[in-house]
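Before any comments, here is the structure.
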Amino acid sequence: MAEPKTKYDRQLRIWGEQGQAALENASICLLNCGPTGSETLKNLVLGGIGSITVIDGSKVEASDLGNNFMVDESTIGQSRAKCVCAFLQELNDSVKAKFVEESPEALIETNPSFFSQFTLVVATQLVETSMLKLDRICRQANVMLIFARSYGLTGLVRISLKEHNVIESKPDHFLDDLRLNHPWPELKRFAETIDLNVTDPVVHKHIPYVVILVKMAEEWASKHGGCLPSNREEKKEFKDLLKARMIALDEDNYKEAIEAAFKVSTPRGFSSNLRQIIDDTAAEVDSTSSDFWVMVAALKEFIANEGDGEAPLEGSIPDMTSLTEYYVNLQKIYQAKAEADFLAIEQRVRNILKRIGRDTDVISKTIIKSFCKNARKLTVCRYRLIENEFYSPILPELQKYLTDEDYSVAVGLYILLRAADRFATNYNRFPGMFDGEIDEDISRLKTIAVGILGDLGCNGSTLTEDLINEMCRFGAAELHAVAAFIGGIASQEAIKLITKQFVPMSGTFIFNGIDHKSQLLFL
């Protein structure tokens, strides 16, 4: 068998060894292994998840062969959970796979404590009543939950848990942390040792742009009452001063300085997002607080004290045109400051742990270091209970979606998925399942959908006839192409939740296969 290091080589580059270890320690429960569930689990099994448990009470039927690659003719009449489980086990023999041949709805009803053993539950193709019950069960047991549903050409994915904290949010674009707008004493002192008017042209064109900007910003501030360039004219003037310092056209370091000049003018301090986190009531910690919030409390104290209004320095610098000696020294200065900030925060973490009566070594240095390095990018996600979303949605948002041409189809599909569930409760089948009754089903579904909108406080809102007709035409079919897409989204979100890396989506994800659009609804 391939060594895990080489086996998962590509993905280790994305979420690292810690992320992979989190996956390998996770246990996943899948409810219903039709195509949506099977495709979700396939992606997680290939990624090296620790263990899977498949819950499905049905037998393989001929209709399954048309939309699920994990069953074939020879398995007709056998337990669907057993067949899918065996297929998934073949994909990765280091995953522990087991199945329970029971209907998920029955399990939710009769054995709610069953779910508390899992890291995460992926619930596919559940109707509204079961969704609401399972959501409450998982919340109580502190188990992460993802709902996924494919229905004709539409699909839905929704994460549900009380709170999810991300230290390594890994945003695509983020401004590097150079502190050119607020240099600390050691950086200033280093800049003072370098003369911008040096006559040696080789040295002149190899002064790092960080030094150029620190010195020029200081010169500007001394002539402008201690202020840095703030408006458009001043920023242009500052760039012109930089240009005037060039003694040759090929001075890349000055070009880099001009390109990065805006960093001198960025406001001091930190983002409103981080302000919201440190001001959160959860940052007032006690013995029940999670490690994350203990570190946030330490960060809040640090910012008010040693940090001088700033988050801890990240400590890395980008590549730049520079003499090697200058670059190495600059690197050391940034690393030393980051290390000092880390030690200050670490001390505060230990003191807080002591104060709230917990073991002072319970949070490792590695975790605190990662927290400091990512302090500006922390993310906290909270999810509403499905019941609250379904019965008391954020009305202004719902009304806005219904009247916004960009969102009206997505919200229409969302309402119709719920209407289809109510239809099934009333008539014991989904709309459009029998050709002979399509016309009656259309008017029944419309009545139910209008009723739901009325209950939610959107009287007078209607959905287009086309959309209602389409929903009936779907006849609750689970198409493989849609299921594979929804399964891809669900498994990607599962990996984000388990590894605690990248930011999982908030809101309800609606896939509209009619127009090939994906949208998030915040209800």
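Each chain of the structure tokens is named A, B, ... in the order shown, its residues numbered from 1; ligands are numbered from 1 in display order.
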
Please report, as a Markdown table, each residue of range 45-130 of chain A lying at most 9 Å from range 416-436 of chain A, together with the nearest pair of atoms and the separation in Å rounded to one decimal; use only C-alpha atoms, and order rows by chain and ascending residue number.
```
| residue | atom | partner | partner_atom | distance |
| --- | --- | --- | --- | --- |
| A:Val127 | CA | A:Asp421 | CA | 5.7 |
| A:Glu128 | CA | A:Asp421 | CA | 6.3 |
| A:Thr129 | CA | A:Asp421 | CA | 8.6 |
```

Can you build me a table of range 99-213 of chain A residues sitting at most 10 Å from range 19-42 of chain A, with the closest atom pair per residue and its distance in Å to one decimal, using only C-alpha atoms, sorted by chain and residue number, as a tab-separated table?
```
residue	atom	partner	partner_atom	distance
A:Phe99	CA	A:Leu30	CA	9.2
A:Val100	CA	A:Leu31	CA	9.8
A:Glu102	CA	A:Asn32	CA	9.6
A:Ser103	CA	A:Asn32	CA	8.0
A:Pro104	CA	A:Leu31	CA	5.8
A:Glu105	CA	A:Leu31	CA	9.0
A:Leu107	CA	A:Leu31	CA	9.8
A:Phe115	CA	A:Cys29	CA	7.9
A:Gln117	CA	A:Ser27	CA	8.1
A:Phe118	CA	A:Ser27	CA	5.3
A:Thr119	CA	A:Ser27	CA	5.3
A:Leu120	CA	A:Ile28	CA	5.1
A:Val121	CA	A:Cys29	CA	4.7
A:Val122	CA	A:Leu30	CA	4.9
A:Ala123	CA	A:Leu31	CA	4.8
A:Thr124	CA	A:Gly37	CA	5.8
A:Gln125	CA	A:Asn32	CA	6.9
A:Leu126	CA	A:Asn32	CA	8.2
A:Met144	CA	A:Ile28	CA	9.7
A:Leu145	CA	A:Cys29	CA	9.6
A:Ile146	CA	A:Leu30	CA	9.8
A:Phe147	CA	A:Leu31	CA	9.6
A:Ala148	CA	A:Thr36	CA	7.3
A:Arg149	CA	A:Thr36	CA	7.0
A:Ser150	CA	A:Thr36	CA	6.6
A:Tyr151	CA	A:Thr36	CA	9.9
A:Gly155	CA	A:Thr36	CA	9.6
```

With only C-alpha atoms as the counted atoms, please give the residues lying no more than 9 Å from range 230-235 of chain A, apart from itself and same-chain residues fewer than 6 positions off, as a PyMOL selection string.
chain A and resi 261-262+265-266

Write the residues of the preceding selection, restricted to C-alpha atoms, as a PDB file, in the first residue's frame.
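What follows is the written file out09.pdb:
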```pdb
ATOM      1  CA  ALA A 261       3.171  53.086  -1.794  1.00  0.00           C
ATOM      2  CA  PHE A 262      -0.536  52.704  -0.959  1.00  0.00           C
ATOM      3  CA  SER A 265      -1.651  55.111   3.663  1.00  0.00           C
ATOM      4  CA  THR A 266      -3.695  52.133   4.839  1.00  0.00           C
TER       5      THR A 266
END
```

So which one's closest to Asp341 in chain A, A:Ser74, A:Gly460, A:Trp184, A:Val380? Using only C-alpha atoms, please.
A:Trp184

Running DSSP on the backbone, which parts of range 339-521 of chain A land in helix (DSSP H, G or I), as a VMD selection string?
chain A and resid 339 to 355 365 to 373 375 to 377 386 to 391 395 to 403 408 to 427 435 to 455 465 to 474 480 to 499

For CA of Gln276 in chain A and CA of Glu301 in chain A, quote the distance in Å rounded to one decimal.
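Between these atoms lies a distance of 14.7 Å.
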
Considering only C-alpha atoms, state which residue in the set A:Val328, A:Met295, A:Ala221, A:Ile495 is at the smallest distance from Pro208 in chain A.
A:Val328

Given only C-alpha atoms as the basis, pick out the residue of A:Trp220, A:Tyr209, A:Trp293, A:Phe474 nearest to Glu251 in chain A.
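Among the listed residues, A:Tyr209 lies closest to Glu251 in chain A.
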
Just how far from CA of Ser160 in chain A is CA of Gln140 in chain A, in Å to one decimal?
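Rounded to one decimal, the two atoms are 11.8 Å apart.
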
Assign secondary structure with DSSP using the backbone only, and return the residues of range 5-188 of chain A in strand (DSSP E or B) as a ChimeraX atom specification.
/A:27-31,51-55,59,79,96-100,120-124,144-151,154-160,163-166,168

Save the residues we just selected, C-alpha atoms, as an mmCIF file, in the first residue's frame?
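Writing done, so here's again_5.cif:
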```cif
data_model
loop_
_atom_site.group_PDB
_atom_site.id
_atom_site.type_symbol
_atom_site.label_atom_id
_atom_site.label_comp_id
_atom_site.auth_asym_id
_atom_site.auth_seq_id
_atom_site.Cartn_x
_atom_site.Cartn_y
_atom_site.Cartn_z
ATOM 1 C CA SER A 27 -15.976 9.693 11.488
ATOM 2 C CA ILE A 28 -18.755 10.487 9.040
ATOM 3 C CA CYS A 29 -22.327 9.276 9.002
ATOM 4 C CA LEU A 30 -24.228 9.344 5.702
ATOM 5 C CA LEU A 31 -28.004 9.240 5.598
ATOM 6 C CA SER A 51 -14.392 6.070 9.027
ATOM 7 C CA ILE A 52 -17.787 6.085 7.346
ATOM 8 C CA THR A 53 -21.159 4.677 8.363
ATOM 9 C CA VAL A 54 -23.831 4.445 5.655
ATOM 10 C CA ILE A 55 -27.484 4.448 6.781
ATOM 11 C CA LYS A 59 -32.906 -2.352 -1.553
ATOM 12 C CA SER A 79 -29.226 -3.843 0.591
ATOM 13 C CA LYS A 96 -13.102 1.956 8.021
ATOM 14 C CA ALA A 97 -16.485 1.448 6.363
ATOM 15 C CA LYS A 98 -19.680 0.079 7.877
ATOM 16 C CA PHE A 99 -23.388 0.241 7.099
ATOM 17 C CA VAL A 100 -26.718 0.085 8.913
ATOM 18 C CA LEU A 120 -20.097 15.023 11.064
ATOM 19 C CA VAL A 121 -23.401 13.830 9.622
ATOM 20 C CA VAL A 122 -24.196 14.242 5.920
ATOM 21 C CA ALA A 123 -27.971 13.999 5.528
ATOM 22 C CA THR A 124 -29.125 13.620 1.927
ATOM 23 C CA MET A 144 -21.562 19.026 12.651
ATOM 24 C CA LEU A 145 -24.316 18.576 10.094
ATOM 25 C CA ILE A 146 -24.597 19.087 6.346
ATOM 26 C CA PHE A 147 -27.878 18.728 4.460
ATOM 27 C CA ALA A 148 -27.659 17.959 0.741
ATOM 28 C CA ARG A 149 -30.531 17.467 -1.652
ATOM 29 C CA SER A 150 -30.839 16.893 -5.399
ATOM 30 C CA TYR A 151 -34.264 17.274 -6.961
ATOM 31 C CA THR A 154 -32.135 21.864 -8.654
ATOM 32 C CA GLY A 155 -30.238 21.146 -5.470
ATOM 33 C CA LEU A 156 -29.629 22.486 -1.985
ATOM 34 C CA VAL A 157 -26.739 22.365 0.484
ATOM 35 C CA ARG A 158 -26.978 23.766 3.995
ATOM 36 C CA ILE A 159 -24.504 23.527 6.888
ATOM 37 C CA SER A 160 -25.880 23.544 10.399
ATOM 38 C CA GLU A 163 -20.560 27.904 15.814
ATOM 39 C CA HIS A 164 -17.511 27.160 13.706
ATOM 40 C CA ASN A 165 -14.214 28.971 14.299
ATOM 41 C CA VAL A 166 -11.502 29.119 11.664
ATOM 42 C CA GLU A 168 -6.504 29.172 8.977
#
```

Rounded to one decimal, what separation in Å do you get between CA of His206 in chain A and CA of Leu323 in chain A?
5.3 Å
